[in-house]
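As structure tokens, the structure follows; a few thoughts come after it.
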Amino acid sequence: MDFFHQGNVHYVNEDYDSALQAFSQAVEHDSNDARFVLHKGTAQLKLRRFEDAVATLQQAEQLTPDNDVALYRLGVALFEVERFESAKETFTKALAKRQELSPTKDTTAIVRYIRKCDVEIEEIKSRLPPPPPAPSAAATAAPPAQTTSISLPVRYQYYQSNTSLTISVMAKNVTADDVIVEIRPTSLRVVVKYFVIKGDQRTPKEEIVIAKDLYAEIDAIKSKFVIQKTKVEITLVKMDQETWPSLDAANGTCKLAKVGSVVAAEAAKREAQEEEERARRPKAYASQRDWDKIGSEISKELDNEKPEGEEALQKLFQQIYRDAPLETKLAMKKSFQTSGGTVLSTNWDEVSKTDYEKTRKAPKGMEWRNWEGEKVAGDDSDDDKK
């Protein structure tokens, strides 16, 4: 049985690692067969190897530039590696090709991804610092003025309750790469990075906004910070329920928590670590939307596509296999594998008694041989019997 059909068998059985290995061998055998390359990229998508899938599906798109399925799956891979501009361009091509070549096929999934790309692109643009104003004609001859990418000095303010203290650092349009927030049980350090802009030169600088020993001990595990468009908001969870007279430690010494609070904090820490082990963290996109919650939707959309030709036949076999009882699955696997891909039966009573390796018939004008060129068991072709 050739590598491509082996890959299809593994794919139907949801063994995507083995499917990828078989499709890769098929590509090595013939790298110009677009089917082999497309199926290899699809298996990489299933395994969430998105960087590899991008390279593979770009090759498939070059081999079949009019294939809307290859374009769509390439768009999915580009979206997952956060190349949103390229993903949108690819989805737009896929939509145009599908409307041109298969106007009756559903386009909902493609349109949905284009909207997702728009959301991510707009979110990234909103975080970029505004460009410096163009100099006037009168000022052209003067030395370039020095400006900064943020307003200096960076100020902060805070408010509190008995259980927490919230600090707002007033820095606009900063990203996660521009801010350092170090939250420790007895101290807090906040640094904002910015650029000094003079003409065409951009010199990186840092401003230490907060570097303090705190008035009292906090729960560093539960404390957090969020980067917003106009500020960075830091929430410190107090170990003891009380009102702090100041943010700073009294006499330079942080007030330690009571024993009961420490025990509770340790228990919360262990619980948080166990939760982190149980659940995989969602991938952080620019918009902070949890697209991974709909990650299963990608597979569903791929499965819900309406294929044509050979793909439609393969999809039918996949659905039959997926919904079939165990004996039917065994019959399909044995008949397909041992017959070299020439028989696909769902009757286990018949298949269990049949040796397809001896009874299989080669196509007209052909005979069964292994990879070493040796003739193997099986009926001769029709031409050999003449």
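Following the order of the structure tokens, first chain is A, next is B, and so on, with residues numbered from 1 inside each chain and ligands from 1 in the order they appear.
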ask   = Running DSSP on the backbone, which parts of range 193-254 of chain A land in strand (DSSP E or B), as number ranges by chain?
value = A: 193-198, 201-214, 216, 218, 224-227, 232-238, 248, 250, 253
query = Which polymer residues have any atom within 12 Å of an atom of Asp66 in chain A, counting only C-alpha atoms, with same-chain residues fewer than 2 positions away left out, as a list in words?
reply = Ala34, Ala60, Glu61, Gln62, Leu63, Thr64, Asp68, Val69, Ala70, Leu71, Tyr72, Thr90, Lys93, Ala94, Leu95, Ala96, Lys97, Arg98, Gln99, Glu100, Leu101 and Ser102 of chain A
ask   = Quick one, how far is CA of Ser335 in chain A from CA of Asp349 in chain A?
value =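 Taking CA of Ser335 in chain A as the start and CA of Asp349 in chain A as the end point, the length is 11.7 Å.
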inquiry  = Report, in Å with one decimal, the straight-line distance from CA of Arg48 in chain A to CA of Leu313 in chain A.
reply    = 25.3 Å
Near Val179 in chain A, within 9 Å and counting only C-alpha atoms, which residues show up once chain neighbours fewer than 5 positions away are dropped, as a short mmCIF file (atom, residue, chain, number, x, y, z; two decimals) with N, CA and C atoms, in the first residue's frame?
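Final output, saved to result-v1.cif:
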data_model
loop_
_atom_site.label_atom_id
_atom_site.label_comp_id
_atom_site.auth_asym_id
_atom_site.auth_seq_id
_atom_site.Cartn_x
_atom_site.Cartn_y
_atom_site.Cartn_z
N VAL A 174 1.05 51.56 25.71
CA VAL A 174 2.20 50.70 25.91
C VAL A 174 1.79 49.24 25.69
N VAL A 190 8.10 48.66 39.15
CA VAL A 190 7.45 48.92 37.87
C VAL A 190 8.38 49.78 37.02
N VAL A 191 8.70 49.30 35.81
CA VAL A 191 9.57 50.03 34.89
C VAL A 191 8.85 50.17 33.56
N VAL A 192 8.89 51.38 32.98
CA VAL A 192 8.29 51.64 31.67
C VAL A 192 9.40 51.97 30.68
N LYS A 193 9.42 51.27 29.56
CA LYS A 193 10.41 51.53 28.51
C LYS A 193 9.83 52.51 27.49
N ILE A 227 -2.58 45.37 31.25
CA ILE A 227 -2.18 46.50 30.41
C ILE A 227 -3.39 46.96 29.62
N VAL A 232 -1.65 51.13 32.99
CA VAL A 232 -1.34 49.78 33.47
C VAL A 232 -1.92 49.68 34.87
#
message = With only C-alpha atoms as the counted atoms, please give the residues lying no more than 12 Å from Gln337 in chain A, apart from itself and same-chain residues fewer than 5 positions off, as JSON, numbers by chain.
response = {"A": [1, 2, 3, 5, 6, 7, 8, 9, 10, 330, 331, 332, 342, 343, 344, 345, 351, 355, 356, 357, 360]}
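The residue that comes closest to Thr186 in chain A, out of A:Met170, A:Ile208, A:Leu236, A:Leu326 and on the basis of only C-alpha atoms, is A:Leu236.
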ask   = Which neighbours of range 218-221 of chain A fall inside 7 Å, counting only C-alpha atoms, when residues of the same chain fewer than 3 positions from it are skipped, and could you give them as number ranges by chain?
value = A: 183-186, 236-239, 265, 269
Writer output for current selection, C-alpha atoms, as a PDB file, in the first residue's frame:
ATOM      1  CA  ILE A 183       5.367  41.685  42.145  1.00  0.00           C
ATOM      2  CA  ARG A 184       6.961  40.074  45.200  1.00  0.00           C
ATOM      3  CA  PRO A 185       5.478  39.346  48.632  1.00  0.00           C
ATOM      4  CA  THR A 186       7.169  42.387  50.214  1.00  0.00           C
ATOM      5  CA  LEU A 236      -2.143  43.775  45.026  1.00  0.00           C
ATOM      6  CA  VAL A 237      -4.001  41.267  47.215  1.00  0.00           C
ATOM      7  CA  LYS A 238      -3.326  41.875  50.909  1.00  0.00           C
ATOM      8  CA  MET A 239      -2.427  38.997  53.196  1.00  0.00           C
ATOM      9  CA  ALA A 265      -1.508  31.783  50.920  1.00  0.00           C
ATOM     10  CA  LYS A 269      -0.296  28.794  45.751  1.00  0.00           C
TER      11      LYS A 269
END
note = Of A:Glu28, A:Glu82, A:Leu247, A:Leu20, the one nearest to Phe50 in chain A when counting only C-alpha atoms is A:Glu82
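With only C-alpha atoms as the basis for measurement, A:Thr42 is the residue among A:Gln59, A:Gln241, A:Ser126, A:Thr42 that approaches Arg73 in chain A most closely.
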request  = Just the residues within 12 Å of Asp323 in chain A, please, counting only C-alpha atoms, with nothing from its chain fewer than 6 positions along; format it as a PyMOL selection string.
outcome  = chain A and resi 12-13+316-317+329
Could you write out that same residue set with C-alpha atoms as a JSON list (two decimals), in the first residue's frame?
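The new file part24.json reads:
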[["chain", "number", "residue", "atom", "x", "y", "z"],
["A", 12, "VAL", "CA", -9.27, 8.44, 9.44],
["A", 13, "ASN", "CA", -8.16, 6.67, 12.62],
["A", 316, "LEU", "CA", -17.52, 9.81, 3.39],
["A", 317, "PHE", "CA", -15.19, 6.98, 4.44],
["A", 329, "LYS", "CA", -13.85, -0.48, 11.97]]
message = Residues within 9 Å of Val54 in chain A, please, as number ranges by chain. Count only C-alpha atoms; anything in the same chain fewer than 3 positions from it doesn't count.
response = A: 41, 45, 49-51, 57-59, 73-78, 81
Convert the current residue selection to file output with N, CA and C atoms, as an mmCIF file, in the first residue's frame.
data_model
loop_
_atom_site.group_PDB
_atom_site.id
_atom_site.type_symbol
_atom_site.label_atom_id
_atom_site.label_comp_id
_atom_site.auth_asym_id
_atom_site.auth_seq_id
_atom_site.Cartn_x
_atom_site.Cartn_y
_atom_site.Cartn_z
ATOM 1 N N GLY A 41 0.259 19.163 5.077
ATOM 2 C CA GLY A 41 -0.017 20.403 5.801
ATOM 3 C C GLY A 41 -1.237 20.302 6.692
ATOM 4 N N LEU A 45 -1.543 20.841 10.749
ATOM 5 C CA LEU A 45 -2.550 21.681 11.411
ATOM 6 C C LEU A 45 -3.199 20.926 12.564
ATOM 7 N N ARG A 49 1.196 22.091 14.714
ATOM 8 C CA ARG A 49 2.556 22.487 14.316
ATOM 9 C C ARG A 49 2.418 23.587 13.263
ATOM 10 N N PHE A 50 2.039 24.752 13.736
ATOM 11 C CA PHE A 50 1.582 25.791 12.821
ATOM 12 C C PHE A 50 2.698 26.373 11.958
ATOM 13 N N GLU A 51 3.905 26.546 12.518
ATOM 14 C CA GLU A 51 5.010 27.075 11.716
ATOM 15 C C GLU A 51 5.324 26.120 10.566
ATOM 16 N N LEU A 57 1.927 24.374 3.533
ATOM 17 C CA LEU A 57 0.740 24.824 2.791
ATOM 18 C C LEU A 57 1.079 25.924 1.798
ATOM 19 N N GLN A 58 2.149 26.680 2.044
ATOM 20 C CA GLN A 58 2.608 27.631 1.022
ATOM 21 C C GLN A 58 3.085 26.875 -0.217
ATOM 22 N N GLN A 59 3.742 25.732 -0.004
ATOM 23 C CA GLN A 59 4.147 24.892 -1.130
ATOM 24 C C GLN A 59 2.933 24.349 -1.869
ATOM 25 N N ARG A 73 -6.680 26.701 4.385
ATOM 26 C CA ARG A 73 -5.886 26.075 5.442
ATOM 27 C C ARG A 73 -4.569 26.825 5.674
ATOM 28 N N LEU A 74 -4.003 27.392 4.609
ATOM 29 C CA LEU A 74 -2.823 28.241 4.781
ATOM 30 C C LEU A 74 -3.180 29.467 5.618
ATOM 31 N N GLY A 75 -4.369 30.049 5.382
ATOM 32 C CA GLY A 75 -4.814 31.184 6.180
ATOM 33 C C GLY A 75 -4.948 30.836 7.652
ATOM 34 N N VAL A 76 -5.462 29.641 7.943
ATOM 35 C CA VAL A 76 -5.596 29.198 9.342
ATOM 36 C C VAL A 76 -4.224 29.117 10.008
ATOM 37 N N ALA A 77 -3.255 28.540 9.292
ATOM 38 C CA ALA A 77 -1.904 28.406 9.850
ATOM 39 C C ALA A 77 -1.273 29.779 10.088
ATOM 40 N N LEU A 78 -1.430 30.705 9.134
ATOM 41 C CA LEU A 78 -0.879 32.048 9.293
ATOM 42 C C LEU A 78 -1.528 32.773 10.469
ATOM 43 N N VAL A 81 -0.007 31.639 13.806
ATOM 44 C CA VAL A 81 1.332 32.165 14.123
ATOM 45 C C VAL A 81 1.309 33.686 14.199
#
request  = Work out how far apart CA of Lys231 in chain A and CA of Lys172 in chain A are and give it in Å to one decimal.
outcome  =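 So the two atoms, CA of Lys231 in chain A and CA of Lys172 in chain A, lie 5.5 Å apart.
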key: Residues flagged alpha helix (DSSP H) by DSSP in range 13-175 of chain A, as a PyMOL selection string   = chain A and resi 16-29+34-46+50-63+68-80+84-101+108-127
